[in-house]
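Working notes, beginning with the structure itself.
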Amino acid sequence: MNFEELASAWKANDQTLESTIKVNRLLVKNLAFRKIKSSLYEIKWTSFFELAVNVLFYFFLVNFIRDHLTQYEFLIPAILLLVLTIVEVGAEIFKLYQVLTLDAQESVLKVKEKLTLLKRLEIIDTYSLYIIIPVFSGPFFLILAKGLLGIDLYQFDLTWMIQYVGGSFVVAAILVFILKRFPNEKLKAAMEFINTLEDDEASR
Amino acid sequence: MTAAQEIEFTNYLEKHKKLIYKVARVYCHDAEDLKDLIQDIIVQLWKAFPSYNDKYAFSTWTYRIALNVSISQLRKSTSKSKRLEEYLEQVEYLNIDEQHEDENLANLFKFIGLLKPIDKAVILLHLDGISNKEVAEITGFTVSNISTKKQRIIEELKGHFETLKN
């Protein structure tokens with residue numbers, strides 16, 4: 001059977017479908033009363049929570065920096081955290097913007113590109129967490145202890161902190177390596193989605 | 001949506017029911033998943049209906065939404081219990097009698113199922129007799145790219161049928 005014959009079989013089936021599919025008019029009419037749960041990309045409400053926490057932390061850090069402009073031992077870790085927070089807020093806003101502007105009426109390619117981008121961001125998000133948590137926890141404790149409780153952690157023996165931060169880099173590298181070799185379910189799903197959607201972009 | 005729009009939407013659905021079914025059928029092989037996908041497409045169409053852009057033909061607009069919903073469905077990995085829960089409270093906007101597809105048509109669906117998501121869209125539109133210009137409008141690719149893709153996909157499908165014959 002050649003392709004033209006298949007195309008004819010397809011057309012013949014088209015006529016059969018006309019009689020075998022019936023619109024449930026009453027249910028369609030009731031669509032307005034049903035709780036509609038359908039979107040091209042699920043909005044994670046934790047994103048809004050994360051954004052709010054990061055914005056609050058941003059203001060906390062700005063105040064902290066203003067109060068410790070001459071104390072470099074606090075200023076430098078606070079600036080590091082501030083940069084990280086700005087990047088996080090920016091990334092979160094960008095992600096939310098992409099989700100909220102995802103429109104099913106756009107061309108297939110445009111939607112596909114957005115969905116792929118969102119999945120890539122999900123992957124980056126997961127990987128970056130494994131780096132951010134160990135690497136930035138040292139400065140985080142330092143600033144939080146000083147800013148909220150007024151405790152200067154430098155007055156204690158700092159050898160543990162130096163070892164902790166140094167070790168964190170090693171732990172982060174190992175975690176990312178393991179995650180790359182054995183991705184978790186969420187990451188696997190995100191990667192599979194991107195692989196399925198991969199197309200010959202160069203030929204556009 | 002106003003009462004008049006609701007009637008308009010129902011009539012629109014009547015006119016495009018085959019299109020919706022075919023798109024869903026190309027992306028789903030499991031009967032239950034197919035029902036879920038059809039529901040999702042109709043819900044998206046219903047949500048978008050009041051903001052329908054008459055720059056496009058109704059069919060172009062419908063293909064875009066149906067294809068986008070079908071492709072994004074690939075990400076969904078619903079747990080079995082959740083699926084059962086959804087199934088129990090499921091309402092069906094389209095009632096579909098059992099389909100008796102002849103062997104060749106069933107194979108065609110099977111082989112289309114092996115294609116990449118975008119390629120599935122291109123061949124579906126081709127089989128539905130949509131012009132290259134309109135396919136380009138729906139998918140976002142250029143017209144020349146569409147004809148190249150189409151040739152490649154047809155060759156791929158022919159290859160599958162050849163293998164089947166041998």
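A note on labels: chains of the structure tokens are A, B, ... as shown, every chain counts residues from 1, and ligands are counted from 1 in their shown order.
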
_9 Å contacts from chain A to chain B using only C-alpha atoms, as a ChimeraX atom specification_ = /A:1-3,6-11,13-14,16-29,31-32,36-41,103-112,115,189-190,192-193,196-199,203-204

*One decimal, Å: what's the distance from CA of Gln155 (chain A) over to CA of Ile133 (chain A), could you say?*
23.9 Å

Just want the 8 Å neighbourhood of region 79-91 of chain A, counted on only C-alpha atoms, with same-chain residues fewer than 2 positions away dropped. Output as an mmCIF file with C-alpha atoms, in the first residue's frame.
data_model
loop_
_atom_site.group_PDB
_atom_site.id
_atom_site.type_symbol
_atom_site.label_atom_id
_atom_site.label_comp_id
_atom_site.auth_asym_id
_atom_site.auth_seq_id
_atom_site.Cartn_x
_atom_site.Cartn_y
_atom_site.Cartn_z
ATOM 1 C CA LEU A 51 9.608 34.905 45.461
ATOM 2 C CA ASN A 54 13.481 36.187 48.546
ATOM 3 C CA VAL A 55 12.105 39.731 48.332
ATOM 4 C CA PHE A 57 15.433 38.579 52.411
ATOM 5 C CA TYR A 58 16.577 41.144 49.841
ATOM 6 C CA LEU A 61 20.214 42.240 53.317
ATOM 7 C CA VAL A 62 20.039 45.821 52.024
ATOM 8 C CA ILE A 65 24.680 46.119 54.338
ATOM 9 C CA LEU A 75 29.884 43.264 54.301
ATOM 10 C CA ILE A 76 31.496 40.799 51.860
ATOM 11 C CA PRO A 77 29.344 37.737 52.757
ATOM 12 C CA ILE A 93 10.156 36.440 37.938
ATOM 13 C CA PHE A 94 11.395 35.324 34.519
ATOM 14 C CA LYS A 95 10.012 31.823 35.073
ATOM 15 C CA PHE A 136 26.154 29.772 50.729
ATOM 16 C CA PRO A 139 27.710 33.283 54.901
ATOM 17 C CA PHE A 140 23.965 32.753 55.476
#

_I'd like the neighbourhood of Ile194 (chain A) as a ChimeraX atom specification, where a residue qualifies if any of its atoms comes within 9 Å (using only C-alpha atoms), though same-chain residues fewer than 6 positions away should be ignored._
/A:115-117,119-120

Now that the selection is made, can you save its residues with N, CA and C atoms as a CSV table (one decimal), in the first residue's frame?
chain,number,residue,atom,x,y,z
A,115,LEU,N,8.0,25.8,26.5
A,115,LEU,CA,7.9,24.6,27.4
A,115,LEU,C,9.3,24.0,27.6
A,116,THR,N,10.1,24.0,26.5
A,116,THR,CA,11.4,23.4,26.7
A,116,THR,C,12.2,24.3,27.6
A,117,LEU,N,12.1,25.6,27.4
A,117,LEU,CA,12.8,26.6,28.3
A,117,LEU,C,12.4,26.4,29.7
A,119,LYS,N,11.3,23.7,31.1
A,119,LYS,CA,11.8,22.5,31.6
A,119,LYS,C,13.3,22.6,31.9
A,120,ARG,N,14.0,23.3,31.0
A,120,ARG,CA,15.5,23.6,31.3
A,120,ARG,C,15.7,24.3,32.6

*Measuring atom to atom with only C-alpha atoms, identify which of A:Ala52, A:Ile131, A:Ile151, A:Ala12 is nearest to Phe177 (chain A).*
A:Ile131
